[in-house]
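Source file: structure-v9.cif (mmCIF, C-alpha atoms)
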```cif
data_data
#
loop_
_atom_site.label_atom_id
_atom_site.label_comp_id
_atom_site.auth_asym_id
_atom_site.auth_seq_id
_atom_site.Cartn_x
_atom_site.Cartn_y
_atom_site.Cartn_z
CA MET A 1 55.80 96.31 108.34
CA THR A 2 58.59 94.11 109.69
CA SER A 3 60.65 94.51 106.52
CA GLY A 4 60.10 98.28 106.71
CA ARG A 5 61.30 98.33 110.29
CA SER A 6 64.33 96.20 109.47
CA ALA A 7 65.15 98.50 106.53
CA ILE A 8 65.00 101.51 108.84
CA SER A 9 67.21 99.82 111.44
CA ARG A 10 69.65 98.82 108.67
CA GLY A 11 69.66 102.43 107.50
CA PHE A 12 70.47 103.61 111.01
CA ARG A 13 73.23 101.04 111.29
CA VAL A 14 74.80 102.18 108.02
CA LEU A 15 74.49 105.80 109.10
CA GLU A 16 76.10 105.04 112.45
CA ASP A 17 78.92 103.17 110.72
CA LYS A 18 79.54 106.09 108.37
CA LEU A 19 79.69 108.45 111.32
CA LEU A 20 82.03 106.15 113.22
CA VAL A 21 84.36 105.82 110.23
CA TYR A 22 84.32 109.60 109.76
CA LYS A 23 85.22 110.11 113.43
CA LEU A 24 87.90 107.42 113.27
CA ARG A 25 89.45 109.10 110.23
CA HIS A 26 89.76 112.20 112.38
CA GLY A 27 91.48 110.20 115.10
CA SER A 28 88.59 109.55 117.50
CA LYS A 29 89.42 106.86 120.03
CA ASP A 30 85.77 106.56 121.06
CA ALA A 31 84.83 105.68 117.50
CA LEU A 32 87.47 102.96 117.42
CA CYS A 33 86.20 101.54 120.74
CA ARG A 34 82.63 101.51 119.42
CA ILE A 35 83.57 99.78 116.15
CA TYR A 36 85.63 97.24 118.06
CA GLU A 37 82.85 96.50 120.56
CA LYS A 38 80.24 96.35 117.83
CA TYR A 39 81.92 93.87 115.49
CA ARG A 40 84.52 92.01 117.59
CA ASP A 41 82.37 89.03 118.60
CA ASP A 42 80.85 88.51 115.16
CA LEU A 43 84.26 88.58 113.49
CA LEU A 44 85.76 86.20 116.03
CA ARG A 45 82.85 83.81 115.55
CA ILE A 46 83.24 83.89 111.75
CA ALA A 47 87.01 83.43 111.92
CA ALA A 48 86.70 80.57 114.40
CA GLY A 49 84.05 78.92 112.27
CA LEU A 50 86.13 79.24 109.10
CA LEU A 51 89.41 78.09 110.56
CA GLY A 52 88.32 75.89 113.46
CA GLU A 53 91.52 76.88 115.22
CA ARG A 54 91.24 79.32 118.08
CA SER A 55 94.63 81.04 118.00
CA ALA A 56 94.60 81.46 114.21
CA ALA A 57 91.12 83.00 114.39
CA GLU A 58 92.23 85.39 117.14
CA ASP A 59 95.31 86.42 115.15
CA ILE A 60 93.24 87.06 112.05
CA VAL A 61 90.69 89.25 113.82
CA HIS A 62 93.44 91.18 115.61
CA ASP A 63 95.29 91.72 112.33
CA THR A 64 92.11 92.78 110.56
CA PHE A 65 91.37 95.43 113.19
CA ALA A 66 94.99 96.59 113.23
CA ALA A 67 95.08 96.93 109.43
CA PHE A 68 91.76 98.76 109.52
CA VAL A 69 93.12 101.25 112.07
CA ARG A 70 96.31 101.77 110.05
CA THR A 71 94.39 102.52 106.85
CA ALA A 72 91.49 104.35 108.53
CA GLU A 73 92.79 107.74 107.45
CA LYS A 74 92.31 106.92 103.77
CA PHE A 75 89.37 104.55 104.23
CA GLN A 76 86.18 105.31 102.31
CA LEU A 77 83.10 103.34 103.39
CA THR A 78 81.00 102.44 100.36
CA GLY A 79 78.86 99.60 101.73
CA SER A 80 78.36 98.24 105.23
CA LEU A 81 81.27 98.28 107.64
CA LYS A 82 80.39 94.81 108.86
CA GLY A 83 80.47 93.53 105.28
CA TYR A 84 83.88 95.12 104.75
CA LEU A 85 85.37 93.69 107.95
CA THR A 86 83.81 90.28 107.30
CA THR A 87 85.33 90.22 103.81
CA CYS A 88 88.73 91.12 105.28
CA VAL A 89 88.45 88.30 107.82
CA ALA A 90 87.29 85.84 105.14
CA ASN A 91 90.21 86.76 102.86
CA ARG A 92 92.73 86.38 105.65
CA ALA A 93 91.15 83.09 106.73
CA ARG A 94 91.33 81.81 103.17
CA ASN A 95 95.03 82.74 102.91
CA LYS A 96 95.69 81.11 106.26
CA ASN A 97 93.85 77.97 105.19
CA ARG A 98 95.89 77.79 101.98
CA ALA A 99 99.13 78.22 103.92
CA THR A 100 98.10 75.49 106.38
CA ARG A 101 97.27 73.12 103.54
CA ARG A 102 100.62 73.86 101.93
CA ARG A 103 102.35 73.23 105.24
CA GLN A 104 100.56 69.90 105.59
CA ALA A 105 101.81 68.90 102.15
CA VAL A 106 105.50 69.33 103.09
CA ASN A 107 107.58 67.03 105.28
CA ILE A 108 106.82 66.89 108.96
CA ASP A 109 110.41 68.03 109.72
CA ASP A 110 109.95 71.21 107.68
CA ALA A 111 106.56 71.98 109.16
CA GLY A 112 106.19 74.91 111.57
CA PRO A 113 104.81 74.71 115.09
CA VAL A 114 101.29 73.30 115.29
CA THR A 115 98.99 75.52 117.34
CA SER A 116 97.06 73.83 120.08
CA ASP A 117 93.38 74.34 120.74
CA LEU A 118 93.78 73.79 124.47
CA LYS A 119 92.80 76.46 126.95
CA ARG A 120 95.51 79.09 127.50
CA PRO A 121 95.49 81.92 130.05
CA ASP A 122 95.64 84.57 127.32
CA GLN A 123 92.79 82.97 125.39
CA TRP A 124 90.48 85.46 123.68
CA ILE A 125 87.72 83.17 122.36
CA ILE A 126 85.80 81.00 124.82
CA TYR A 127 83.66 78.41 123.04
CA THR A 128 80.15 77.66 124.18
CA GLU A 129 78.98 74.06 123.95
CA ASP A 130 76.78 74.85 120.93
CA PHE A 131 79.61 76.54 119.10
CA ARG A 132 81.98 73.67 119.81
CA ARG A 133 79.50 71.24 118.25
CA LEU A 134 79.03 73.50 115.25
CA LYS A 135 82.78 73.91 114.84
CA ASN A 136 83.34 70.16 114.90
CA ALA A 137 80.57 69.53 112.42
CA ILE A 138 81.49 72.33 110.07
CA ALA A 139 85.15 71.26 110.06
CA ARG A 140 84.08 68.25 108.00
CA LEU A 141 82.81 70.38 105.12
CA PRO A 142 84.98 71.38 102.17
CA TYR A 143 86.36 74.91 102.70
CA GLU A 144 84.25 76.61 99.99
CA GLN A 145 81.00 75.13 101.36
CA LYS A 146 81.98 76.03 104.91
CA GLU A 147 82.75 79.58 103.76
CA ALA A 148 79.40 79.92 101.96
CA VAL A 149 77.43 78.65 104.97
CA ILE A 150 79.22 80.75 107.59
CA LEU A 151 79.40 83.95 105.57
CA HIS A 152 75.74 83.75 104.59
CA ILE A 153 74.29 82.76 107.96
CA GLN A 154 76.68 84.32 110.48
CA GLY A 155 78.16 87.08 108.35
CA LYS A 156 74.76 87.92 106.77
CA MET A 157 76.52 88.31 103.44
CA LYS A 158 74.59 88.17 100.18
CA PHE A 159 75.33 85.35 97.74
CA LYS A 160 76.45 87.99 95.23
CA ASP A 161 79.19 89.11 97.63
CA ILE A 162 80.14 85.54 98.54
CA ALA A 163 80.42 84.71 94.84
CA ARG A 164 82.69 87.74 94.31
CA LEU A 165 84.84 86.68 97.26
CA GLN A 166 85.10 83.10 95.97
CA GLU A 167 85.64 84.34 92.41
CA THR A 168 82.79 82.25 91.10
CA SER A 169 79.21 82.67 89.86
CA VAL A 170 76.27 83.39 92.15
CA LYS A 171 74.74 80.03 91.18
CA THR A 172 77.85 78.17 92.31
CA ALA A 173 77.91 80.10 95.60
CA VAL A 174 74.25 79.24 96.21
CA SER A 175 74.78 75.56 95.43
CA ARG A 176 77.87 75.45 97.66
CA TYR A 177 75.72 76.87 100.46
CA ARG A 178 72.94 74.32 99.86
CA TYR A 179 75.34 71.38 99.67
CA GLY A 180 77.06 72.60 102.81
CA LEU A 181 73.81 72.98 104.69
CA ASN A 182 72.58 69.52 103.65
CA LYS A 183 75.86 67.91 104.61
CA LEU A 184 75.82 69.69 107.94
CA ARG A 185 72.29 68.48 108.54
CA SER A 186 73.22 64.88 107.83
CA ILE A 187 76.32 65.16 110.08
CA LEU A 188 74.23 66.48 112.94
CA ASP A 189 71.53 63.87 112.35
CA GLY A 190 74.21 61.20 112.42
CA GLU A 191 75.38 62.57 115.76
CA VAL A 192 71.83 62.37 117.12
CA THR A 193 71.22 58.80 115.89
CA LYS A 194 74.48 57.66 117.50
CA MET B 1 66.01 64.74 109.57
CA ARG B 2 66.25 68.29 110.92
CA PRO B 3 64.59 70.93 108.78
CA ALA B 4 66.97 73.39 107.11
CA GLU B 5 65.46 76.33 109.00
CA ASN B 6 66.35 74.72 112.33
CA ILE B 7 69.93 74.20 111.21
CA LYS B 8 70.15 77.82 110.07
CA ARG B 9 68.77 79.06 113.38
CA TRP B 10 71.16 76.82 115.26
CA ILE B 11 74.17 78.11 113.30
CA LYS B 12 72.99 81.69 113.80
CA ASN B 13 72.58 81.23 117.53
CA ALA B 14 75.82 79.33 118.13
CA SER B 15 77.75 82.04 119.89
CA ILE B 16 81.11 82.46 121.56
CA ASN B 17 82.27 84.33 124.62
CA THR B 18 85.34 86.46 124.85
CA SER B 19 87.76 87.08 127.65
CA PRO B 20 87.31 90.65 129.00
CA GLU B 21 91.03 90.95 129.83
CA VAL B 22 92.10 90.03 126.33
CA ASN B 23 89.41 92.33 124.91
CA GLN B 24 90.93 95.22 126.83
CA ALA B 25 94.47 94.26 125.88
CA VAL B 26 93.59 94.08 122.18
CA LEU B 27 91.73 97.38 122.37
CA ALA B 28 94.73 99.01 124.07
CA ASP B 29 96.91 97.65 121.29
CA LEU B 30 94.57 99.08 118.65
CA LEU B 31 94.48 102.48 120.36
CA ASN B 32 98.25 102.45 120.43
CA GLU B 33 98.20 101.64 116.71
CA LEU B 34 95.83 104.56 116.13
CA ASP B 35 98.18 106.93 117.97
CA LYS B 36 101.11 105.69 115.91
CA SER B 37 99.23 106.11 112.64
CA LYS B 38 98.20 109.63 113.70
CA ILE B 39 101.83 110.59 114.34
CA ALA B 40 103.02 109.01 111.11
CA GLY B 41 100.19 110.42 109.05
CA SER B 42 99.97 113.94 110.47
CA PRO B 43 101.54 115.72 107.45
CA GLY B 44 99.35 113.66 105.15
CA THR B 45 96.13 114.80 106.81
CA LYS B 46 96.12 117.91 104.62
CA SER B 47 93.91 117.29 101.65
CA ASN B 48 95.98 116.06 98.78
CA ILE B 49 94.59 117.20 95.44
CA CYS B 50 96.09 114.30 93.52
CA SER B 51 94.65 111.65 95.83
CA THR B 52 91.26 113.39 95.81
CA LEU B 53 91.29 113.43 92.01
CA ALA B 54 92.35 109.81 91.90
CA ARG B 55 89.53 108.73 94.19
CA SER B 56 86.54 110.84 93.17
CA ARG B 57 84.93 110.29 89.78
CA ILE B 58 83.21 113.68 89.87
CA ALA B 59 86.50 115.38 90.64
CA GLN B 60 88.10 113.55 87.70
CA LEU B 61 85.36 114.76 85.34
CA ALA B 62 85.59 118.32 86.68
CA ALA B 63 89.37 118.31 86.24
CA ALA B 64 89.02 117.02 82.67
CA ALA B 65 86.44 119.74 81.90
CA VAL B 66 88.69 122.46 83.34
CA ILE B 67 91.65 121.23 81.27
CA ILE B 68 89.56 121.16 78.07
CA ILE B 69 88.14 124.65 78.68
CA ALA B 70 91.58 126.04 79.49
CA THR B 71 93.02 124.52 76.30
CA CYS B 72 90.16 125.95 74.20
CA LEU B 73 90.59 129.40 75.73
CA PHE B 74 94.33 129.27 75.12
CA PHE B 75 93.88 128.40 71.45
CA MET B 76 91.15 131.03 71.00
CA GLN B 77 93.41 133.66 72.48
CA GLN B 78 96.28 132.55 70.28
CA GLU B 79 94.04 132.84 67.23
CA GLN B 80 92.87 136.32 68.23
CA THR B 81 96.39 137.63 68.76
CA GLY B 82 97.32 136.14 65.39
CA GLU B 83 94.49 138.04 63.73
CA ILE B 84 95.53 141.29 65.38
CA LYS B 85 99.08 140.78 64.23
CA LYS B 86 97.81 140.01 60.75
CA GLN B 87 95.73 143.19 60.80
CA GLU B 88 98.74 145.17 61.94
CA ILE B 89 100.75 143.73 59.11
CA THR B 90 98.06 144.50 56.54
CA GLN B 91 97.81 148.05 57.80
CA THR B 92 101.46 148.81 57.08
CA PRO B 93 101.97 150.75 53.86
CA LYS B 94 102.41 148.45 50.93
CA SER B 95 104.22 150.87 48.71
CA PRO B 96 105.97 154.23 49.04
CA ALA B 97 103.15 155.70 46.92
CA GLU B 98 100.80 155.31 49.90
CA LEU B 99 102.94 157.50 52.17
CA ASN B 100 102.24 161.16 52.61
CA THR B 101 105.57 162.24 51.29
CA PHE B 102 106.40 164.97 48.85
CA ALA B 103 107.17 162.41 46.18
CA SER B 104 103.95 160.44 46.66
CA LEU B 105 101.75 163.53 46.72
CA SER B 106 103.35 165.01 43.66
CA PHE B 107 103.01 161.66 41.92
CA ALA B 108 99.31 161.53 42.86
CA TYR B 109 98.75 165.11 41.72
CA ARG B 110 100.41 164.41 38.42
CA LYS B 111 98.36 161.25 38.05
CA GLY B 112 94.87 162.62 38.67
CA GLY B 113 94.98 166.16 39.91
CA ILE B 114 93.25 167.27 43.13
CA PRO B 115 90.81 164.27 43.37
CA GLU B 116 93.70 161.82 43.18
CA LEU B 117 95.64 163.90 45.70
CA GLU B 118 92.63 163.83 48.01
CA ARG B 119 92.33 160.03 47.65
CA GLN B 120 96.01 159.73 48.46
CA CYS B 121 95.49 161.79 51.61
CA ASP B 122 92.53 159.64 52.66
CA LYS B 123 94.60 156.50 52.18
CA THR B 124 97.38 157.97 54.27
CA LEU B 125 94.87 158.92 56.91
CA ASP B 126 93.45 155.36 56.93
CA VAL B 127 96.88 153.91 57.52
CA LEU B 128 98.53 156.41 59.86
CA GLY B 129 95.53 158.04 61.50
CA PRO B 130 94.97 161.74 62.15
CA PHE B 131 97.52 163.83 64.05
CA ASP B 132 96.72 166.34 66.81
CA ASN B 133 93.53 164.38 67.57
CA GLY B 134 91.69 166.40 64.98
CA ARG B 135 90.51 165.90 61.45
CA ILE B 136 93.09 166.35 58.78
CA ARG B 137 92.05 168.69 56.05
CA ILE B 138 93.14 168.91 52.49
CA LYS B 139 94.12 172.51 53.14
CA HIS B 140 96.70 171.49 55.71
CA THR B 141 98.03 168.76 53.50
CA LEU B 142 98.40 171.17 50.62
CA ALA B 143 100.08 173.71 52.87
CA GLN B 144 102.50 171.04 54.03
CA PHE B 145 102.92 169.93 50.43
CA GLU B 146 103.71 173.49 49.38
CA GLU B 147 106.10 173.97 52.27
CA ASN B 148 107.95 170.80 51.40
CA HIS B 149 108.07 171.82 47.77
CA LEU B 150 109.52 175.25 48.67
CA GLU B 151 112.09 173.66 50.93
CA ARG B 152 113.07 171.27 48.21
CA THR B 153 113.48 174.01 45.56
CA TYR B 154 115.45 176.10 48.05
CA TYR B 155 117.87 173.27 48.70
CA GLU B 156 118.09 172.49 45.02
CA ASN B 157 119.00 176.08 44.22
#
```

Could you rewrite the structure in this file as structure tokens?
Amino acid sequence: MTSGRSAISRGFRVLEDKLLVYKLRHGSKDALCRIYEKYRDDLLRIAAGLLGERSAAEDIVHDTFAAFVRTAEKFQLTGSLKGYLTTCVANRARNKNRATRRRQAVNIDDAGPVTSDLKRPDQWIIYTEDFRRLKNAIARLPYEQKEAVILHIQGKMKFKDIARLQETSVKTAVSRYRYGLNKLRSILDGEVTK
Amino acid sequence: MRPAENIKRWIKNASINTSPEVNQAVLADLLNELDKSKIAGSPGTKSNICSTLARSRIAQLAAAAVIIIATCLFFMQQEQTGEIKKQEITQTPKSPAELNTFASLSFAYRKGGIPELERQCDKTLDVLGPFDNGRIRIKHTLAQFEENHLERTYYEN
């Protein structure tokens, strides 16, 4: 019964997304507002979880929405809109992470400006205490494990899609998720025992 | 140790808040972007056949089918016109003996008398068709034959 209800609600969501994309393709501002309101928080949460850096996460989500608007005219929705936007955010976060790692490998003199995580007046994301703890714990995981955990739990992505995104097998994606979850559990338990 | 389900629930419920001012500012920026893309993309809003074909698999198959059918029809037509031309060529008289001339008729008469002459007339009729939309008769042919013969003897004399 519950699975039937959730299937129906998922169907409605997909239908609504298709309608919104159709309207957006025809230049509807209301459709854009609705898409933005609907997925903004989830995308920001995923980006912040993946990168652990507030300003980078904000930039990525802004850029994802901007790119989506620019290409909306030719956009064809084949799956779920949330899945599409989440994949865009994950790809951008991955590129950003690679660039950051590369920057860390070069000399400190050549490195660009380091973004601060302190509170700014134009700050978009405001962390809750729970999220701050999660962010600090998850920052200690390897990137692939972090990605698998966040995309599966927060992004509600299937392991098949995560595997495609990580260019690996489904088995590897599942084991990355399990390892990540176990590590996270031990980190949090360590925090509690302290 | 915390059970995995608790950790999952905790991750799922760990939420963030967003600044309403920045939300509005970003939305305004996106709306501006939408306006810009509308202005830039207005001529492209007309359906482009090439892009439709490139995107849709059904359209690709339909286009391929149309091209194949058109090619087949073209070749069939070419073949038919070739046959007609061939027929036209075969219908042209092969030798002067098949023409309804004084010489051919006299040759036919000398060869086999009236039956041969009649056959010659039929052959001529097959090739050239009847004149005056009516049936050609042997009588007329003979009359014409006689007339031609008289003319010829007159000029000879």

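The space separating CA of Ile7 (chain B) from CA of Gly49 (chain A) comes to 14.9 Å.
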
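Across the chains present, the PyMOL selection byres ((chain A) within 7 of (chain B)) applied to this file returns A:Gly27, A:Lys29, A:Arg45, A:Ala66, A:Val69, A:Arg70, A:Asp122, A:Gln123, A:Trp124, A:Ile125, A:Ile126, A:Tyr127, A:Thr128, A:Asp130, A:Phe131, A:Leu134, A:Ile153, A:Gln154, A:Arg185, A:Asp189.
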
Next item on the list: Please provide the set of residues having any atom within 9 Å of Leu81 (chain A), restricted to only C-alpha atoms, with same-chain residues fewer than 6 positions apart removed, written as a list in words.
Entry: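 Selected residues are Val14, Asp17, Lys18, Val21 and Ile35 of chain A.
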
Next item on the list: For the file shown, report as a ChimeraX atom specification the outcome of the PyMOL selection byres ((chain A and resi 144) around 9) at residue level.
Entry: /A:141-143,145-149,166,173,176-177,180

Notebook entry, point to check: How many Å lie between CA of Thr64 (chain A) and CA of Gln76 (chain A), rounded to one decimal?
Noted result: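 Answer for the CA of Thr64 (chain A) to CA of Gln76 (chain A) separation: 16.1 Å.
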
Grab region 38-78 of chain A from that structure and dump C-alpha atoms to a file, as a short mmCIF file (atom, residue, chain, number, x, y, z; two decimals), in the first residue's frame.
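Saved result, part16.cif, follows:
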```cif
data_model
loop_
_atom_site.label_atom_id
_atom_site.label_comp_id
_atom_site.auth_asym_id
_atom_site.auth_seq_id
_atom_site.Cartn_x
_atom_site.Cartn_y
_atom_site.Cartn_z
CA LYS A 38 11.54 22.93 -5.37
CA TYR A 39 15.16 21.83 -5.76
CA ARG A 40 17.30 24.71 -4.42
CA ASP A 41 17.70 23.46 -0.83
CA ASP A 42 18.38 19.85 -1.79
CA LEU A 43 21.02 20.88 -4.31
CA LEU A 44 22.69 23.25 -1.87
CA ARG A 45 22.76 20.53 0.78
CA ILE A 46 24.32 18.03 -1.65
CA ALA A 47 26.90 20.53 -2.90
CA ALA A 48 27.81 21.59 0.63
CA GLY A 49 28.11 17.97 1.71
CA LEU A 50 30.31 17.08 -1.25
CA LEU A 51 32.61 20.07 -1.08
CA GLY A 52 32.42 21.05 2.59
CA GLU A 53 33.06 24.62 1.51
CA ARG A 54 30.14 27.00 1.60
CA SER A 55 31.04 29.49 -1.12
CA ALA A 56 32.11 26.78 -3.58
CA ALA A 57 28.82 24.93 -2.99
CA GLU A 58 26.83 28.14 -3.55
CA ASP A 59 28.73 28.89 -6.76
CA ILE A 60 28.13 25.40 -8.07
CA VAL A 61 24.39 25.45 -7.43
CA HIS A 62 24.08 28.93 -8.93
CA ASP A 63 26.03 27.85 -12.01
CA THR A 64 23.97 24.68 -12.36
CA PHE A 65 20.71 26.63 -12.34
CA ALA A 66 22.11 29.25 -14.71
CA ALA A 67 23.30 26.59 -17.17
CA PHE A 68 19.95 24.85 -16.91
CA VAL A 69 18.11 28.08 -17.76
CA ARG A 70 20.44 28.78 -20.69
CA THR A 71 19.89 25.34 -22.20
CA ALA A 72 16.23 25.02 -21.20
CA GLU A 73 15.04 25.74 -24.73
CA LYS A 74 16.66 22.57 -26.07
CA PHE A 75 16.34 20.53 -22.87
CA GLN A 76 14.55 17.18 -23.10
CA LEU A 77 13.65 15.58 -19.77
CA THR A 78 14.09 11.82 -19.96
#
```
